[in-house]
Amino acid sequence: MRGVSRRSTTTVIAPIAFGLLALVLWQVIVVGFDVKPYVLPSPLNIGGQFTRALGTIWSGTRVTGANALVGLLLGAVVGIVAAILSALVRVLDQLSIPVVTAASVVPIVALAPVLYTMFGAGAETARQLVAAIAVFVPVYVNTLRGLRQVRPVHRDLMRAYAATPWQLTRTVTLPGALPFVFTGLRIASSIAVISALIAEYFGGPVDGLASSITSAASYSNYTLAYAFVLGAILLGLVFYCVTLALEKLATRHRPTP
Amino acid sequence: MTTEPLAKPAVLVEGVGKTFDVGRGRSAGTVVALDDIQLSVATGEFVSLIGPSGCGKSTLLRLIADLDQPSVGDIRVFGKTARQARIDQDYGIAFQQAGLLPWRSVAANIELPLELHGIGREARQKRSAELLALVGLSDFADRFPDQLSGGMQQRVAIARSLAESPELLLMDEPFGALDEMTRERMQGELVRICGETGAAVVFVTHSIPEAVFLSDRVVVMSPRPGRIVGIVDVALGRTGDRDDDLREASTFFASVKAVREALHGIPAAAITGVETR
């Protein structure tokens with residue numbers, strides 16, 4: 001028990017203390033050197049602005065969060081299905097290599113302006129698609145890696161049971177790949193939020209967090225812009241923590257990959 | 001279809017050889033893993049395959065299980081081809097690694113073969129409860145493999161191999177990774193289980209006392225190429241009637257000596273020390 005409590009001291013309390021210290025230092029520097037808000041607002045001012053503008057920030061977070069979530073789910077479903085097909089059909093695997101490599105080197109958000117033209121600048125579709133395409137790559141790669149991890153003893157066992165290829169996939173390969181899928185989802189969750197945010201900078205309706213950051217900055221309301229940034233950070237954290245919890249849940253009976 | 005299925009030997013291996021291709025390019029060649037193997041295992045008989053690493057004992061077991069195919073020769077399991085016997089689920093199998101699925105509970109692991117073959121939920125649960133009682137793990141049905149010791153996991157694997165009441169059990173060093181005390185207890189349990197189920201067993205091991213304690217016959221193999229160099233009849237009574245006292249009986253040591261002589265090809269008197277594994 002002592003070991004556990006000591007570990008929680010170092011893993012939980014230490015970073016919190018470090019973060020608080022950094023905030024205090026930030027506050028002291030801004031106040032002490034009289035730094036102007038357009039250069040850098042103080043954390044207390046940002047916090048105050050955040051509470052005052054909570055309603056606006058919440059509605060912006062909902063829009064961006066919904067875009068990221070739709071993109072994450074869409075990209076994940078397509079990524080998982082594509083990985084299963086690639087694992088089952090060798091030709092598809094070989095065909096997919098150049099496509100996935102291309103998708104992983106293209107800066108997906110660069111597609112945003114094109115997609116706004118395709119789906120109309122008044123719709124959220126372009127942002128959701130950008131997030132989905134960005135999510136697809138890590139989910140596909142991790143899932144496929146997981147699907148290839150079948151232990152020889154399990155393969156022998158299923159052959160001894162005269163199991164069909166689908167039975168092997170359903171009872172051994174897919175559950176075995178699950179931790180890898182969730183690792184992919186955890187990586188993809190941050191990418192989904194970042195992509196949905198950045199896509200807003202390229203156009204579309206002015207309703208999400210990133211569009212709000214732009215408009216606050218253009219009205220010289222830098223403290224408000226930072227408050228929106230804080231909202232974006234919290235949104236990313238929520239996505240990350242939820243997928244991390246799912247990953248822990250999926251790997252609770254086995255060593256992590 | 002036969003009128004007298006019991007008259008067929010459980011396993012009949014005739015003139016079986018197995019070569020593996022190794023290397024590629026200039027260093028390519030073949031390794032003869034098994035050469036001209038003849039073996040017959042009667043129904044209800046316990047036969048051990050023993051020999052040093054590389055003698056092909058595991059390969060032979062994999063051929064009988066149709067996990068690999070022989071290069072030459074013929075294998076019959078209850079008179080059928082090995083492939084047909086596998087498809088008909090005529091054997092149960094256990095490996096050195098328990099090979100449990102970590103995301104399934106103990107009971108669900110035992111029920112896996114039944115589930116794959118379309119047995120209903122109620123019948124599955126009844127059978128897994130019986131088998132858990134047989135291997136002494138009734139209190140662990142809802143646990144997960146990572147919560148069990150190595151010996152307990154192996155007992156679950158053995159229960160799983162018995163799930164469909166096979167007439168033939170194929171076991172590839174199932175106790176190889178266990179400590180000596182657990183190993184002896186598991187051997188005792190296995191002879192009891194075999195006595196109760198009446199199944200024939202082909203058991204791969206590299207432990208002489210283990211082979212002698214468990215078997216009706218011990219098949220001694222030598223490596224490069226894998227061949228049968230001797231078959232020792234162990235006259236210790238029916239497998240199911242054996243208990244721990246037997247390990248100290250003079251008849252037991254006589255059989256251990258006979259197997260060792262066959263393994264080394266020289267009289268046991270010339271060997272110092274006793275391999276007790």
# chains A, B, ... in the order shown; residues from 1 in each chain; ligands from 1
>>> closest_atom_pairs(of="chain B", to="chain A", cutoff="9 Å", atoms="only C-alpha atoms", output="CSV")
residue,atom,partner,partner_atom,distance
B:Ala65,CA,A:Ala160,CA,6.8
B:Asp66,CA,A:Ala160,CA,7.6
B:Leu67,CA,A:Asp156,CA,6.6
B:Arg86,CA,A:Ala160,CA,6.1
B:Ile87,CA,A:Ala162,CA,5.4
B:Asp88,CA,A:Ala162,CA,8.3
B:Gln89,CA,A:Tyr161,CA,6.7
B:Tyr91,CA,A:Ala160,CA,8.5
B:Gly92,CA,A:Ala160,CA,8.1
B:Ile93,CA,A:Ala160,CA,7.5
B:Ala94,CA,A:Leu157,CA,8.4
B:Phe95,CA,A:Val153,CA,7.6
B:Gln97,CA,A:Val153,CA,7.3
B:Ala98,CA,A:Val153,CA,8.5
B:Gly99,CA,A:Val153,CA,5.8
B:Leu100,CA,A:His154,CA,8.0
B:Leu101,CA,A:Val172,CA,7.5
B:Pro102,CA,A:His253,CA,6.2
B:Trp103,CA,A:His253,CA,6.2
B:Arg104,CA,A:His253,CA,8.9
B:Leu112,CA,A:Thr171,CA,8.7
B:Pro113,CA,A:Tyr161,CA,6.4
B:Leu116,CA,A:Ala163,CA,6.8
B:His117,CA,A:Ala163,CA,8.3
B:Phe144,CA,A:His253,CA,7.0
B:Pro145,CA,A:His253,CA,7.9
B:Asp146,CA,A:His253,CA,6.3
B:Gln147,CA,A:His253,CA,8.5
>>> residues_around(residues="Gly54 (chain B)", least_positions_apart="6", cutoff="9 Å", atoms="only C-alpha atoms", output="list in words")
Ala33, Ser222, Pro223, Arg224, Pro225 and Gly226 of chain B
>>> residues_around(residues="Pro52 (chain B)", least_positions_apart="3", cutoff="12 Å", atoms="only C-alpha atoms", output="compact mmCIF listing (two decimals) with C-alpha atoms, in the first residue's frame")
# COMPACT_ATOMS: atom_id res chain seq x y z
CA LEU B 49 6.99 -39.72 -26.59
CA CYS B 55 14.07 -35.54 -31.91
CA GLY B 56 10.78 -34.60 -33.55
CA LYS B 57 8.47 -35.67 -30.73
CA SER B 58 6.48 -32.44 -30.87
CA VAL B 204 5.17 -35.51 -25.27
CA THR B 205 7.73 -34.98 -22.51
CA HIS B 206 11.46 -34.80 -21.89
CA SER B 207 11.21 -36.07 -18.33
CA ILE B 208 11.91 -39.78 -17.80
CA VAL B 220 12.00 -43.33 -26.98
CA MET B 221 13.17 -41.12 -29.86
CA SER B 222 16.56 -39.89 -31.04
CA PRO B 223 17.38 -36.74 -32.99
CA ARG B 224 18.81 -35.97 -36.44
CA PRO B 225 16.90 -37.52 -38.00
CA GLY B 226 14.00 -38.08 -35.58
CA ARG B 227 13.58 -41.81 -35.18
CA ILE B 228 12.02 -44.24 -32.72
CA ARG B 260 17.22 -44.26 -19.71
CA LEU B 263 17.60 -43.06 -24.50
CA HIS B 264 21.33 -43.23 -24.13
>>> residues_around(residues="Arg160 (chain B)", least_positions_apart="2", cutoff="9 Å", atoms="only C-alpha atoms", output="list of chain:residue names")
B:Gly92, B:Ile93, B:Ala94, B:Asn109, B:Ile110, B:Glu111, B:Leu112, B:Pro113, B:Ser128, B:Leu131, B:Arg155, B:Val156, B:Ala157, B:Ile158, B:Leu162, B:Ala163, B:Glu164
>>> write_last_selection(atoms="N, CA and C atoms", output="PDB file, in the first residue's frame")
ATOM      1  N   GLY B  92      -8.736 -34.099 -28.152  1.00  0.00           N
ATOM      2  CA  GLY B  92      -8.560 -32.855 -27.399  1.00  0.00           C
ATOM      3  C   GLY B  92      -7.073 -32.587 -27.343  1.00  0.00           C
ATOM      4  N   ILE B  93      -6.683 -31.322 -27.218  1.00  0.00           N
ATOM      5  CA  ILE B  93      -5.255 -31.015 -27.283  1.00  0.00           C
ATOM      6  C   ILE B  93      -4.866 -30.004 -26.202  1.00  0.00           C
ATOM      7  N   ALA B  94      -3.647 -30.171 -25.668  1.00  0.00           N
ATOM      8  CA  ALA B  94      -3.100 -29.206 -24.707  1.00  0.00           C
ATOM      9  C   ALA B  94      -1.630 -29.005 -25.025  1.00  0.00           C
ATOM     10  N   ASN B 109     -13.350 -19.896 -21.114  1.00  0.00           N
ATOM     11  CA  ASN B 109     -12.238 -20.533 -21.816  1.00  0.00           C
ATOM     12  C   ASN B 109     -12.504 -22.020 -22.020  1.00  0.00           C
ATOM     13  N   ILE B 110     -13.021 -22.674 -20.967  1.00  0.00           N
ATOM     14  CA  ILE B 110     -13.302 -24.102 -21.080  1.00  0.00           C
ATOM     15  C   ILE B 110     -14.426 -24.344 -22.084  1.00  0.00           C
ATOM     16  N   GLU B 111     -15.362 -23.397 -22.144  1.00  0.00           N
ATOM     17  CA  GLU B 111     -16.519 -23.565 -23.033  1.00  0.00           C
ATOM     18  C   GLU B 111     -16.191 -23.210 -24.483  1.00  0.00           C
ATOM     19  N   LEU B 112     -14.990 -22.657 -24.729  1.00  0.00           N
ATOM     20  CA  LEU B 112     -14.659 -22.176 -26.081  1.00  0.00           C
ATOM     21  C   LEU B 112     -14.900 -23.217 -27.180  1.00  0.00           C
ATOM     22  N   PRO B 113     -14.324 -24.463 -27.055  1.00  0.00           N
ATOM     23  CA  PRO B 113     -14.563 -25.418 -28.139  1.00  0.00           C
ATOM     24  C   PRO B 113     -16.044 -25.757 -28.300  1.00  0.00           C
ATOM     25  N   SER B 128     -18.915 -27.130 -18.361  1.00  0.00           N
ATOM     26  CA  SER B 128     -17.756 -26.446 -17.774  1.00  0.00           C
ATOM     27  C   SER B 128     -17.768 -26.596 -16.255  1.00  0.00           C
ATOM     28  N   LEU B 131     -16.324 -30.008 -15.547  1.00  0.00           N
ATOM     29  CA  LEU B 131     -14.879 -30.061 -15.789  1.00  0.00           C
ATOM     30  C   LEU B 131     -14.107 -29.283 -14.728  1.00  0.00           C
ATOM     31  N   ARG B 155      -4.285 -26.426 -15.569  1.00  0.00           N
ATOM     32  CA  ARG B 155      -5.434 -27.268 -15.261  1.00  0.00           C
ATOM     33  C   ARG B 155      -6.646 -26.830 -16.066  1.00  0.00           C
ATOM     34  N   VAL B 156      -6.799 -25.511 -16.235  1.00  0.00           N
ATOM     35  CA  VAL B 156      -7.902 -25.006 -17.059  1.00  0.00           C
ATOM     36  C   VAL B 156      -7.725 -25.495 -18.503  1.00  0.00           C
ATOM     37  N   ALA B 157      -6.466 -25.450 -18.986  1.00  0.00           N
ATOM     38  CA  ALA B 157      -6.202 -25.896 -20.360  1.00  0.00           C
ATOM     39  C   ALA B 157      -6.534 -27.376 -20.521  1.00  0.00           C
ATOM     40  N   ILE B 158      -6.236 -28.176 -19.489  1.00  0.00           N
ATOM     41  CA  ILE B 158      -6.546 -29.600 -19.565  1.00  0.00           C
ATOM     42  C   ILE B 158      -8.061 -29.818 -19.526  1.00  0.00           C
ATOM     43  N   LEU B 162     -10.604 -31.499 -22.463  1.00  0.00           N
ATOM     44  CA  LEU B 162     -11.545 -32.589 -22.186  1.00  0.00           C
ATOM     45  C   LEU B 162     -12.986 -32.198 -22.490  1.00  0.00           C
ATOM     46  N   ALA B 163     -13.196 -30.931 -22.906  1.00  0.00           N
ATOM     47  CA  ALA B 163     -14.552 -30.378 -22.992  1.00  0.00           C
ATOM     48  C   ALA B 163     -15.495 -31.252 -23.813  1.00  0.00           C
ATOM     49  N   GLU B 164     -14.994 -31.783 -24.910  1.00  0.00           N
ATOM     50  CA  GLU B 164     -15.891 -32.526 -25.803  1.00  0.00           C
ATOM     51  C   GLU B 164     -15.754 -34.032 -25.615  1.00  0.00           C
TER      52      GLU B 164
END
>>> residues_around(residues="Ser212 (chain A)", least_positions_apart="4", cutoff="12 Å", atoms="only C-alpha atoms", output="ChimeraX atom specification")
/A:53,56-61,63-64,197-198,200-201,203,205-208,216-219,221-222,224-229,231-232
>>> select_by_dssp(residues="region 78-156 of chain A", states="helix (DSSP H, G or I)", output="VMD selection string")
chain A and resid 78 to 88 90 to 105 108 to 119 125 to 147 152 to 156
>>> select_by_dssp(residues="region 68-260 of chain B", states="strand (DSSP E or B)", output="PyMOL selection string")
chain B and resi 72-77+80-81+91-94+168-172+200-205+217-222+227-233
>>> residues_around(residues="region 24-26 of chain A", least_positions_apart="5", cutoff="9 Å", atoms="only C-alpha atoms", output="list in words")
Gly19, Val31, Ser42 and Pro43 of chain A
>>> closest_residue(among="B:Ser105, B:Arg76, B:Val218, B:Gly44", to="Gly195 (chain B)", atoms="only C-alpha atoms")
B:Gly44
>>> atom_distance(atom1="CA of Gly48 (chain A)", atom2="CA of Pro15 (chain A)")
23.5 Å
>>> atom_distance(atom1="CA of Gly204 (chain A)", atom2="CA of Ala68 (chain A)")
15.0 Å
>>> residues_around(residues="Gly79 (chain B)", least_positions_apart="2", cutoff="8 Å", atoms="only C-alpha atoms", output="PyMOL selection string")
chain B and resi 8-12+76-77+81
>>> decode(residues="region 89-111 of chain B", atoms="N, CA and C atoms", output="JSON list (two decimals), in the first residue's frame")
[["chain", "number", "residue", "atom", "x", "y", "z"],
["B", 89, "GLN", "N", -13.40, -33.48, -34.69],
["B", 89, "GLN", "CA", -13.10, -33.21, -33.28],
["B", 89, "GLN", "C", -12.97, -34.50, -32.46],
["B", 90, "ASP", "N", -12.16, -35.44, -33.01],
["B", 90, "ASP", "CA", -11.97, -36.71, -32.32],
["B", 90, "ASP", "C", -10.91, -36.62, -31.24],
["B", 91, "TYR", "N", -10.18, -35.53, -31.16],
["B", 91, "TYR", "CA", -9.16, -35.41, -30.12],
["B", 91, "TYR", "C", -9.27, -34.08, -29.38],
["B", 92, "GLY", "N", -8.74, -34.10, -28.15],
["B", 92, "GLY", "CA", -8.56, -32.86, -27.40],
["B", 92, "GLY", "C", -7.07, -32.59, -27.34],
["B", 93, "ILE", "N", -6.68, -31.32, -27.22],
["B", 93, "ILE", "CA", -5.25, -31.01, -27.28],
["B", 93, "ILE", "C", -4.87, -30.00, -26.20],
["B", 94, "ALA", "N", -3.65, -30.17, -25.67],
["B", 94, "ALA", "CA", -3.10, -29.21, -24.71],
["B", 94, "ALA", "C", -1.63, -29.00, -25.02],
["B", 95, "PHE", "N", -1.17, -27.77, -24.88],
["B", 95, "PHE", "CA", 0.21, -27.43, -25.22],
["B", 95, "PHE", "C", 1.00, -27.06, -23.96],
["B", 96, "GLN", "N", 2.31, -26.82, -24.17],
["B", 96, "GLN", "CA", 3.14, -26.40, -23.03],
["B", 96, "GLN", "C", 2.65, -25.06, -22.46],
["B", 97, "GLN", "N", 2.29, -24.14, -23.36],
["B", 97, "GLN", "CA", 1.65, -22.91, -22.91],
["B", 97, "GLN", "C", 0.16, -23.22, -22.75],
["B", 98, "ALA", "N", -0.42, -22.76, -21.66],
["B", 98, "ALA", "CA", -1.85, -23.02, -21.44],
["B", 98, "ALA", "C", -2.66, -22.46, -22.62],
["B", 99, "GLY", "N", -2.24, -21.31, -23.14],
["B", 99, "GLY", "CA", -2.91, -20.75, -24.32],
["B", 99, "GLY", "C", -4.35, -20.35, -24.05],
["B", 100, "LEU", "N", -4.63, -19.89, -22.81],
["B", 100, "LEU", "CA", -5.99, -19.41, -22.51],
["B", 100, "LEU", "C", -6.17, -18.04, -23.13],
["B", 101, "LEU", "N", -7.42, -17.71, -23.47],
["B", 101, "LEU", "CA", -7.70, -16.38, -24.00],
["B", 101, "LEU", "C", -7.86, -15.43, -22.80],
["B", 102, "PRO", "N", -6.97, -14.43, -22.68],
["B", 102, "PRO", "CA", -6.93, -13.62, -21.45],
["B", 102, "PRO", "C", -8.19, -12.81, -21.21],
["B", 103, "TRP", "N", -8.99, -12.57, -22.26],
["B", 103, "TRP", "CA", -10.18, -11.73, -22.09],
["B", 103, "TRP", "C", -11.41, -12.56, -21.77],
["B", 104, "ARG", "N", -11.22, -13.89, -21.64],
["B", 104, "ARG", "CA", -12.36, -14.74, -21.29],
["B", 104, "ARG", "C", -12.18, -15.27, -19.87],
["B", 105, "SER", "N", -13.28, -15.42, -19.16],
["B", 105, "SER", "CA", -13.22, -16.01, -17.82],
["B", 105, "SER", "C", -12.79, -17.46, -17.95],
["B", 106, "VAL", "N", -12.42, -18.06, -16.81],
["B", 106, "VAL", "CA", -12.01, -19.46, -16.79],
["B", 106, "VAL", "C", -13.10, -20.34, -17.41],
["B", 107, "ALA", "N", -14.34, -20.15, -16.98],
["B", 107, "ALA", "CA", -15.44, -20.97, -17.50],
["B", 107, "ALA", "C", -15.59, -20.75, -19.01],
["B", 108, "ALA", "N", -15.52, -19.51, -19.45],
["B", 108, "ALA", "CA", -15.69, -19.21, -20.88],
["B", 108, "ALA", "C", -14.55, -19.80, -21.70],
["B", 109, "ASN", "N", -13.35, -19.90, -21.11],
["B", 109, "ASN", "CA", -12.24, -20.53, -21.82],
["B", 109, "ASN", "C", -12.50, -22.02, -22.02],
["B", 110, "ILE", "N", -13.02, -22.67, -20.97],
["B", 110, "ILE", "CA", -13.30, -24.10, -21.08],
["B", 110, "ILE", "C", -14.43, -24.34, -22.08],
["B", 111, "GLU", "N", -15.36, -23.40, -22.14],
["B", 111, "GLU", "CA", -16.52, -23.56, -23.03],
["B", 111, "GLU", "C", -16.19, -23.21, -24.48]]
